[in-house]
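Student: So that you have it, the file is final.pdb, and it contains PDB, C-alpha atoms, pLDDT in the B column:
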ATOM      1  CA  ILE A1464     -15.759   0.191  -4.877  1.00 53.00           C
ATOM      2  CA  GLY A1465     -18.177   3.074  -4.985  1.00 64.00           C
ATOM      3  CA  LEU A1466     -15.758   5.908  -4.325  1.00 76.00           C
ATOM      4  CA  THR A1467     -15.657   7.292  -7.847  1.00 81.00           C
ATOM      5  CA  ASP A1468     -16.548  10.834  -6.793  1.00 85.00           C
ATOM      6  CA  HIS A1469     -13.852  10.861  -4.117  1.00 88.00           C
ATOM      7  CA  ALA A1470     -11.296   9.414  -6.526  1.00 88.00           C
ATOM      8  CA  ARG A1471     -12.143  12.010  -9.149  1.00 88.00           C
ATOM      9  CA  ALA A1472     -11.892  14.855  -6.622  1.00 92.00           C
ATOM     10  CA  ALA A1473      -8.534  13.574  -5.369  1.00 93.00           C
ATOM     11  CA  GLY A1474      -7.289  13.169  -8.932  1.00 91.00           C
ATOM     12  CA  ASP A1475      -8.401  16.657  -9.908  1.00 93.00           C
ATOM     13  CA  ARG A1476      -6.716  18.140  -6.827  1.00 96.00           C
ATOM     14  CA  SER A1477      -3.531  16.179  -7.543  1.00 96.00           C
ATOM     15  CA  LEU A1478      -3.505  17.462 -11.108  1.00 96.00           C
ATOM     16  CA  GLU A1479      -4.018  21.020  -9.893  1.00 97.00           C
ATOM     17  CA  LEU A1480      -1.089  20.738  -7.469  1.00 98.00           C
ATOM     18  CA  ALA A1481       1.141  18.966  -9.991  1.00 98.00           C
ATOM     19  CA  THR A1482       0.437  21.564 -12.646  1.00 97.00           C
ATOM     20  CA  GLY A1483       1.570  24.229 -10.196  1.00 98.00           C
ATOM     21  CA  THR A1484       4.980  22.564  -9.966  1.00 98.00           C
ATOM     22  CA  ALA A1485       5.448  22.497 -13.761  1.00 97.00           C
ATOM     23  CA  ASN A1486       7.075  19.081 -13.239  1.00 98.00           C
ATOM     24  CA  PRO A1487       6.198  16.791 -16.181  1.00 98.00           C
ATOM     25  CA  THR A1488       6.558  13.626 -14.095  1.00 98.00           C
ATOM     26  CA  ALA A1489       4.254  14.935 -11.367  1.00 98.00           C
ATOM     27  CA  ILE A1490       1.715  16.087 -13.940  1.00 98.00           C
ATOM     28  CA  SER A1491       1.868  12.745 -15.750  1.00 98.00           C
ATOM     29  CA  TRP A1492       1.326  10.797 -12.528  1.00 97.00           C
ATOM     30  CA  ALA A1493      -1.604  13.030 -11.637  1.00 97.00           C
ATOM     31  CA  ARG A1494      -3.123  12.416 -15.069  1.00 97.00           C
ATOM     32  CA  VAL A1495      -2.755   8.666 -14.547  1.00 96.00           C
ATOM     33  CA  GLY A1496      -4.680   9.066 -11.293  1.00 94.00           C
ATOM     34  CA  VAL A1497      -7.394  11.110 -12.981  1.00 95.00           C
ATOM     35  CA  GLY A1498      -7.621   8.540 -15.771  1.00 94.00           C
ATOM     36  CA  MET A1499      -8.044   5.725 -13.267  1.00 92.00           C
ATOM     37  CA  ALA A1500     -10.762   7.689 -11.493  1.00 92.00           C
ATOM     38  CA  GLU A1501     -12.595   8.139 -14.807  1.00 91.00           C
ATOM     39  CA  LEU A1502     -12.510   4.431 -15.711  1.00 87.00           C
ATOM     40  CA  ALA A1503     -15.877   3.430 -14.297  1.00 83.00           C
ATOM     41  CA  ASP A1504     -17.975   6.306 -15.619  1.00 87.00           C
ATOM     42  CA  ASP A1505     -16.261   7.355 -18.844  1.00 90.00           C
ATOM     43  CA  PRO A1506     -13.759   4.883 -20.328  1.00 90.00           C
ATOM     44  CA  ALA A1507     -13.215   6.972 -23.470  1.00 92.00           C
ATOM     45  CA  ARG A1508     -12.345  10.044 -21.433  1.00 94.00           C
ATOM     46  CA  ALA A1509     -10.094   7.926 -19.224  1.00 94.00           C
ATOM     47  CA  ALA A1510      -8.233   6.681 -22.296  1.00 94.00           C
ATOM     48  CA  ARG A1511      -7.715  10.254 -23.519  1.00 96.00           C
ATOM     49  CA  THR A1512      -6.446  11.366 -20.120  1.00 96.00           C
ATOM     50  CA  LEU A1513      -4.092   8.388 -19.913  1.00 96.00           C
ATOM     51  CA  SER A1514      -2.830   9.017 -23.437  1.00 97.00           C
ATOM     52  CA  ALA A1515      -2.041  12.599 -22.452  1.00 97.00           C
ATOM     53  CA  ALA A1516      -0.167  11.300 -19.402  1.00 98.00           C
ATOM     54  CA  ARG A1517       1.877   8.971 -21.583  1.00 97.00           C
ATOM     55  CA  ARG A1518       2.723  11.672 -24.113  1.00 97.00           C
ATOM     56  CA  LEU A1519       3.911  14.036 -21.398  1.00 98.00           C
ATOM     57  CA  ALA A1520       5.908  11.315 -19.637  1.00 98.00           C
ATOM     58  CA  ARG A1521       7.705  10.565 -22.888  1.00 97.00           C
ATOM     59  CA  THR A1522       8.942  14.168 -23.104  1.00 98.00           C
ATOM     60  CA  VAL A1523      11.134  13.503 -20.058  1.00 98.00           C
ATOM     61  CA  ASP A1524      11.827   9.846 -20.906  1.00 97.00           C
ATOM     62  CA  ASN A1525       9.796   8.617 -17.934  1.00 96.00           C
ATOM     63  CA  ARG A1526       9.041   5.094 -19.077  1.00 96.00           C
ATOM     64  CA  TRP A1527       7.551   3.997 -15.762  1.00 96.00           C
ATOM     65  CA  VAL A1528       4.666   6.477 -15.868  1.00 96.00           C
ATOM     66  CA  GLY A1529       4.215   5.884 -19.590  1.00 95.00           C
ATOM     67  CA  GLN A1530       3.922   2.131 -19.057  1.00 96.00           C
ATOM     68  CA  MET A1531       1.416   2.609 -16.221  1.00 95.00           C
ATOM     69  CA  ALA A1532      -0.716   4.679 -18.577  1.00 95.00           C
ATOM     70  CA  ILE A1533      -0.461   2.042 -21.317  1.00 95.00           C
ATOM     71  CA  LEU A1534      -1.375  -0.790 -18.936  1.00 94.00           C
ATOM     72  CA  THR A1535      -4.419   1.117 -17.751  1.00 93.00           C
ATOM     73  CA  ILE A1536      -5.486   1.814 -21.345  1.00 94.00           C
ATOM     74  CA  HIS A1537      -5.089  -1.915 -22.004  1.00 93.00           C
ATOM     75  CA  THR A1538      -7.432  -2.585 -19.071  1.00 89.00           C
ATOM     76  CA  ILE A1539     -10.011  -0.250 -20.627  1.00 90.00           C
ATOM     77  CA  ILE A1540      -9.791  -2.092 -23.942  1.00 90.00           C
ATOM     78  CA  GLN A1541     -10.191  -5.470 -22.236  1.00 89.00           C
ATOM     79  CA  LYS A1542     -13.234  -4.303 -20.265  1.00 84.00           C
ATOM     80  CA  GLU A1543     -14.858  -2.824 -23.356  1.00 82.00           C
ATOM     81  CA  HIS A1544     -14.173  -6.032 -25.279  1.00 83.00           C
ATOM     82  CA  GLN A1545     -15.781  -8.120 -22.512  1.00 83.00           C
ATOM     83  CA  HIS A1546     -18.749  -5.759 -22.434  1.00 79.00           C
ATOM     84  CA  LEU A1547     -19.247  -6.141 -26.191  1.00 82.00           C
ATOM     85  CA  LYS A1548     -18.977  -9.932 -25.954  1.00 82.00           C
ATOM     86  CA  THR A1549     -21.668 -10.111 -23.286  1.00 84.00           C
ATOM     87  CA  LYS A1550     -23.996  -7.877 -25.315  1.00 79.00           C
ATOM     88  CA  SER A1551     -23.902 -10.154 -28.357  1.00 70.00           C
TER      89      SER A1551
END
Could you quickly redo this structure as structure tokens?
Tutor:
Amino acid sequence: IGLTDHARAAGDRSLELATGTANPTAISWARVGVGMAELADDPARAARTLSAARRLARTVDNRWVGQMAILTIHTIIQKEHQHLKTKS
């Protein structure tokens, strides 16, 4: 909705604060937020960020955050697939 810069800034700040807590769940959630903020401008980077969130969430058996990351990655794949279909 045109607030990509604000979303990215909020995500970056959330990640900074979460990292300070050393709490894997907080860090994972912050990475999910950053990944979502990156979706519009850089889907590949978003997928990497979300994958990192999922990996970290798995270290503390946090399936909820891991599944949110996977669902968002799935959204990226679907959008890229639609983009490729419209180009051909």
Student: Near Ser1491 in chain A, within 7 Å and counting all atoms listed in the file, which residues show up once chain neighbours fewer than 2 positions away are dropped, as a list in words?
Tutor: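 Residues meeting the cut-off are Pro1487, Thr1488, Ala1489, Ala1493, Arg1494, Val1495, Ala1516, Arg1517, Leu1519, Ala1520 and Val1528 of chain A.
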Student: Using Å and a single decimal, report how far CA of Glu1501 in chain A sits from CA of Lys1542 in chain A.
Tutor: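 About the pair CA of Lys1542 in chain A and CA of Glu1501 in chain A: they are 13.6 Å apart.
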Student: Between A:Arg1526, A:Lys1550, A:His1537, A:Arg1476, single out the one closest to Pro1506 in chain A, counting all atoms listed in the file.
Tutor: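 Closest to Pro1506 in chain A, using all atoms listed in the file: A:His1537.
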Student: Return as AutoDock Vina command-line options the centre and edge lengths, in Å with one decimal, of the box along x, y and z that encloses every atom of range 1510-1527 of chain A in the file, padded by 5 Å per side.
Tutor:
--center_x 1.8 --center_y 9.1 --center_z -19.9 --size_x 30.1 --size_y 20.2 --size_z 18.4
Student: Determine the residue membership of the PyMOL selection byres ((chain A and resi 1536) around 10) for the file above and supply it as a ChimeraX atom specification.
Tutor: /A:1498-1499,1502,1506-1507,1509-1514,1530-1535,1537-1542
Student: Translate the PyMOL selection byres ((chain A and resi 1471) around 9), as applied to the file shown, into an explicit residue set as a PyMOL selection string.
Tutor: chain A and resi 1466-1470+1472-1476+1496-1501
